[in-house]
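Text of model.cif (mmCIF, C-alpha atoms, pLDDT in the B column; chains and numbers go by the auth columns) as supplied:
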```cif
data_coords
loop_
_atom_site.group_PDB
_atom_site.id
_atom_site.type_symbol
_atom_site.label_atom_id
_atom_site.label_comp_id
_atom_site.label_asym_id
_atom_site.label_seq_id
_atom_site.Cartn_x
_atom_site.Cartn_y
_atom_site.Cartn_z
_atom_site.B_iso_or_equiv
_atom_site.auth_seq_id
_atom_site.auth_asym_id
ATOM 1 C CA MET A 1 4.063 -9.707 12.910 64.00 1 A
ATOM 2 C CA LEU A 2 5.838 -6.533 13.904 79.00 2 A
ATOM 3 C CA TYR A 3 3.252 -4.185 12.382 76.00 3 A
ATOM 4 C CA GLN A 4 0.428 -5.881 14.249 83.00 4 A
ATOM 5 C CA GLU A 5 2.303 -5.409 17.514 87.00 5 A
ATOM 6 C CA LYS A 6 3.496 -1.838 16.996 90.00 6 A
ATOM 7 C CA LEU A 7 0.649 -0.101 15.133 90.00 7 A
ATOM 8 C CA ALA A 8 -1.906 1.552 17.430 92.00 8 A
ATOM 9 C CA PRO A 9 -5.530 0.456 16.933 91.00 9 A
ATOM 10 C CA ASP A 10 -6.284 3.736 15.148 92.00 10 A
ATOM 11 C CA GLY A 11 -2.812 4.106 13.630 94.00 11 A
ATOM 12 C CA VAL A 12 -1.959 4.388 9.944 93.00 12 A
ATOM 13 C CA LEU A 13 1.201 3.093 8.310 93.00 13 A
ATOM 14 C CA VAL A 14 2.166 5.366 5.399 93.00 14 A
ATOM 15 C CA LEU A 15 4.498 3.935 2.753 94.00 15 A
ATOM 16 C CA HIS A 16 6.051 5.870 -0.124 95.00 16 A
ATOM 17 C CA ILE A 17 5.935 3.365 -3.000 94.00 17 A
ATOM 18 C CA SER A 18 6.715 5.563 -6.003 93.00 18 A
ATOM 19 C CA ASN A 19 8.900 3.764 -8.481 91.00 19 A
ATOM 20 C CA ARG A 20 9.462 4.137 -12.210 89.00 20 A
ATOM 21 C CA HIS A 21 10.166 0.464 -12.790 92.00 21 A
ATOM 22 C CA LEU A 22 8.265 -1.500 -10.136 92.00 22 A
ATOM 23 C CA ASP A 23 4.536 -1.541 -9.401 90.00 23 A
ATOM 24 C CA LEU A 24 4.543 -2.131 -5.645 92.00 24 A
ATOM 25 C CA LYS A 25 0.784 -1.648 -5.230 90.00 25 A
ATOM 26 C CA PRO A 26 -0.093 -5.375 -5.388 89.00 26 A
ATOM 27 C CA VAL A 27 2.744 -6.214 -2.984 91.00 27 A
ATOM 28 C CA VAL A 28 1.516 -3.780 -0.340 91.00 28 A
ATOM 29 C CA GLN A 29 -2.107 -4.799 -0.780 89.00 29 A
ATOM 30 C CA ALA A 30 -1.355 -8.530 -0.601 89.00 30 A
ATOM 31 C CA ASN A 31 0.748 -8.129 2.526 90.00 31 A
ATOM 32 C CA ALA A 32 -1.890 -5.921 4.150 89.00 32 A
ATOM 33 C CA ALA A 33 -4.630 -8.440 3.342 88.00 33 A
ATOM 34 C CA ASP A 34 -2.502 -11.240 4.795 88.00 34 A
ATOM 35 C CA LEU A 35 -2.383 -9.308 8.096 88.00 35 A
ATOM 36 C CA ASP A 36 -6.144 -8.563 7.922 89.00 36 A
ATOM 37 C CA PHE A 37 -5.311 -4.885 7.425 91.00 37 A
ATOM 38 C CA THR A 38 -6.741 -2.515 4.813 89.00 38 A
ATOM 39 C CA ALA A 39 -4.552 -0.790 2.236 90.00 39 A
ATOM 40 C CA VAL A 40 -5.517 2.227 0.152 91.00 40 A
ATOM 41 C CA ILE A 41 -3.256 3.530 -2.597 90.00 41 A
ATOM 42 C CA GLU A 42 -3.197 7.273 -3.232 87.00 42 A
ATOM 43 C CA ASP A 43 -1.569 8.877 -6.259 85.00 43 A
ATOM 44 C CA ASP A 44 -0.454 12.478 -5.835 81.00 44 A
ATOM 45 C CA HIS A 45 -0.374 14.240 -9.183 75.00 45 A
ATOM 46 C CA SER A 46 0.634 17.654 -7.843 72.00 46 A
ATOM 47 C CA SER A 47 0.934 20.346 -10.417 67.00 47 A
ATOM 48 C CA ASP A 48 3.223 22.508 -8.297 71.00 48 A
ATOM 49 C CA ALA A 49 6.468 23.512 -9.972 64.00 49 A
ATOM 50 C CA GLY A 50 9.303 21.215 -8.959 67.00 50 A
ATOM 51 C CA VAL A 51 7.006 18.584 -7.424 71.00 51 A
ATOM 52 C CA LEU A 52 6.949 15.146 -9.021 77.00 52 A
ATOM 53 C CA ALA A 53 3.994 12.790 -8.952 82.00 53 A
ATOM 54 C CA SER A 54 4.162 10.204 -6.190 89.00 54 A
ATOM 55 C CA ARG A 55 2.330 7.099 -5.004 91.00 55 A
ATOM 56 C CA TRP A 56 1.540 6.417 -1.359 91.00 56 A
ATOM 57 C CA ALA A 57 0.103 3.393 0.424 93.00 57 A
ATOM 58 C CA LEU A 58 -1.907 3.928 3.595 93.00 58 A
ATOM 59 C CA VAL A 59 -2.339 0.794 5.683 93.00 59 A
ATOM 60 C CA ALA A 60 -4.557 0.452 8.756 93.00 60 A
ATOM 61 C CA ARG A 61 -6.217 -2.257 10.814 92.00 61 A
ATOM 62 C CA ASP A 62 -9.665 -1.052 9.782 88.00 62 A
ATOM 63 C CA SER A 63 -10.994 0.708 6.679 87.00 63 A
ATOM 64 C CA GLU A 64 -12.997 3.050 8.941 89.00 64 A
ATOM 65 C CA VAL A 65 -9.735 4.462 10.318 90.00 65 A
ATOM 66 C CA LEU A 66 -8.697 5.408 6.786 90.00 66 A
ATOM 67 C CA ALA A 67 -12.156 6.744 5.884 88.00 67 A
ATOM 68 C CA ALA A 68 -12.139 8.967 8.997 89.00 68 A
ATOM 69 C CA ARG A 69 -8.921 10.530 7.721 86.00 69 A
ATOM 70 C CA GLY A 70 -10.362 11.177 4.264 85.00 70 A
ATOM 71 C CA PHE A 71 -9.095 8.038 2.496 80.00 71 A
ATOM 72 C CA PRO A 72 -12.202 5.946 1.855 71.00 72 A
ATOM 73 C CA GLY A 73 -10.649 3.711 -0.763 65.00 73 A
ATOM 74 C CA GLY A 74 -12.223 2.904 -4.057 55.00 74 A
ATOM 75 C CA PRO A 75 -13.009 0.199 -6.564 47.00 75 A
ATOM 76 C CA ASP A 76 -9.329 -0.725 -6.932 53.00 76 A
ATOM 77 C CA GLU A 77 -8.802 -1.017 -3.176 51.00 77 A
ATOM 78 C CA VAL A 78 -8.084 -4.746 -3.412 52.00 78 A
ATOM 79 C CA VAL A 79 -5.871 -6.236 -6.094 56.00 79 A
ATOM 80 C CA PRO A 80 -6.070 -10.013 -6.664 53.00 80 A
ATOM 81 C CA ARG A 81 -3.099 -11.827 -5.196 58.00 81 A
ATOM 82 C CA HIS A 82 -0.629 -13.489 -7.535 61.00 82 A
ATOM 83 C CA GLY A 83 1.850 -15.858 -5.980 69.00 83 A
ATOM 84 C CA ARG A 84 3.244 -15.614 -2.466 81.00 84 A
ATOM 85 C CA ILE A 85 3.301 -12.571 -0.248 87.00 85 A
ATOM 86 C CA TRP A 86 6.634 -10.847 0.150 87.00 86 A
ATOM 87 C CA THR A 87 8.616 -11.426 3.331 87.00 87 A
ATOM 88 C CA ASP A 88 12.190 -10.894 4.475 88.00 88 A
ATOM 89 C CA ASP A 89 12.943 -14.299 2.935 92.00 89 A
ATOM 90 C CA TYR A 90 10.965 -14.015 -0.310 91.00 90 A
ATOM 91 C CA SER A 91 10.341 -11.435 -3.027 90.00 91 A
ATOM 92 C CA ASP A 92 9.694 -11.634 -6.756 89.00 92 A
ATOM 93 C CA LEU A 93 10.802 -8.472 -8.553 87.00 93 A
ATOM 94 C CA TRP A 94 9.931 -9.852 -11.985 88.00 94 A
ATOM 95 C CA SER A 95 6.273 -10.084 -10.982 86.00 95 A
ATOM 96 C CA VAL A 96 6.037 -6.336 -10.358 87.00 96 A
ATOM 97 C CA PHE A 97 8.463 -5.075 -13.014 88.00 97 A
ATOM 98 C CA GLN A 98 6.861 -2.556 -15.395 84.00 98 A
ATOM 99 C CA TRP A 99 8.147 -3.205 -18.885 78.00 99 A
#
```
structure tokens encoding of this file:
Amino acid sequence: MLYQEKLAPDGVLVLHISNRHLDLKPVVQANAADLDFTAVIEDDHSSDAGVLASRWALVARDSEVLAARGFPGGPDEVVPRHGRIWTDDYSDLWSVFQW
């Protein structure tokens, strides 16, 4: 996998996954777990004027890398997998659509 080859041992992949209609959290977590990586989801509920709330996924090879950067994870760190992981050849938007 490309991420396994390119990400430094202590590197962190940061993904902006904010979306009004799709919950991408389980997709990121399932794909991270498939690579034996750790994913932590952080919600930014800034109260600054003109700043909208956002959701970020931080993915690393090891949970200690994330904890050292102040992202220790929490009880919802792992979401049970439903169906197949997403790839370039497969995705299932209906499974993550927020009605």
Excluding same-chain residues fewer than 6 positions from stretch 3-9 of chain A, what lies within 9 Å of it counting only C-alpha atoms, as a list in words?
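Counting only the stated atoms, we get Leu35, Phe37, Ala60, Arg61, Asp62 and Val65 of chain A.
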Go ahead and save the picked residues with C-alpha atoms, as a PDB file, keeping the file's coordinate frame.
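Wrote selection-v1.pdb, looks like this:
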```pdb
ATOM      1  CA  LEU A  35      -2.383  -9.308   8.096  1.00 88.00           C
ATOM      2  CA  PHE A  37      -5.311  -4.885   7.425  1.00 91.00           C
ATOM      3  CA  ALA A  60      -4.557   0.452   8.756  1.00 93.00           C
ATOM      4  CA  ARG A  61      -6.217  -2.257  10.814  1.00 92.00           C
ATOM      5  CA  ASP A  62      -9.665  -1.052   9.782  1.00 88.00           C
ATOM      6  CA  VAL A  65      -9.735   4.462  10.318  1.00 90.00           C
TER       7      VAL A  65
END
```
Using atom CA of A:Phe71 and atom CA of A:Arg55 as the two end points, give the distance in Å to one decimal.
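For atom CA of A:Phe71 relative to atom CA of A:Arg55, the distance reads 13.7 Å.
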Can you give me, as a list in words, the residues this file yields under the PyMOL selection byres ((chain A and resi 18) around 10)?
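After applying the PyMOL selection byres ((chain A and resi 18) around 10), what remains is Leu15, His16, Ile17, Asn19, Arg20, His21, Leu22, Asp23, Leu24, Lys25, Asp43, Asp44, Ala53, Ser54, Arg55, Trp56 and Ala57 of chain A.
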Selected residues, C-alpha atoms, written as a short mmCIF file (atom, residue, chain, number, x, y, z; two decimals), keeping the file's coordinate frame, please.
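The resulting file, again.cif, is reproduced below:
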```
data_model
loop_
_atom_site.label_atom_id
_atom_site.label_comp_id
_atom_site.auth_asym_id
_atom_site.auth_seq_id
_atom_site.Cartn_x
_atom_site.Cartn_y
_atom_site.Cartn_z
CA LEU A 15 4.50 3.94 2.75
CA HIS A 16 6.05 5.87 -0.12
CA ILE A 17 5.94 3.36 -3.00
CA ASN A 19 8.90 3.76 -8.48
CA ARG A 20 9.46 4.14 -12.21
CA HIS A 21 10.17 0.46 -12.79
CA LEU A 22 8.26 -1.50 -10.14
CA ASP A 23 4.54 -1.54 -9.40
CA LEU A 24 4.54 -2.13 -5.64
CA LYS A 25 0.78 -1.65 -5.23
CA ASP A 43 -1.57 8.88 -6.26
CA ASP A 44 -0.45 12.48 -5.84
CA ALA A 53 3.99 12.79 -8.95
CA SER A 54 4.16 10.20 -6.19
CA ARG A 55 2.33 7.10 -5.00
CA TRP A 56 1.54 6.42 -1.36
CA ALA A 57 0.10 3.39 0.42
#
```
Stretch 21-33 of chain A, all listed atoms, 4 Å padding on each side: what axis-aligned box centre and edge lengths in Å to one decimal come out, as lines of an AutoDock Vina configuration file?
```
center_x = 2.8
center_y = -4.0
center_z = -4.3
size_x = 22.8
size_y = 17.0
size_z = 24.9
```
Suppose you want the space between atom CA of A:Ala30 and atom CA of A:Val51; what is it in Å?
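That distance, rounded to one decimal, is 29.2 Å.
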Two-atom distance - atom CA of A:Ser63, atom CA of A:Ser95 (Å)
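For atom CA of A:Ser63 relative to atom CA of A:Ser95, the distance reads 27.0 Å.
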Show which residues sit within 12 Å of A:Thr87, as a PyMOL selection string. Count all atoms listed in the file, and ignore same-chain residues fewer than 4 positions away.
chain A and resi 1-2+27-28+30-32+34+91-92
Could you tell me which residues the PyMOL selection byres ((chain A and resi 39) around 6) grabs in this file, written as a list in words?
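This file gives the following for the PyMOL selection byres ((chain A and resi 39) around 6): Gln29, Thr38, Val40, Leu58 and Val59 of chain A.
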Take the residues from that selection and put them in a file with C-alpha atoms, as a PDB file, in the coordinates of the input.
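So the final result, stored in part-v1.pdb, reads:
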```pdb
ATOM      1  CA  GLN A  29      -2.107  -4.799  -0.780  1.00 89.00           C
ATOM      2  CA  THR A  38      -6.741  -2.515   4.813  1.00 89.00           C
ATOM      3  CA  VAL A  40      -5.517   2.227   0.152  1.00 91.00           C
ATOM      4  CA  LEU A  58      -1.907   3.928   3.595  1.00 93.00           C
ATOM      5  CA  VAL A  59      -2.339   0.794   5.683  1.00 93.00           C
TER       6      VAL A  59
END
```
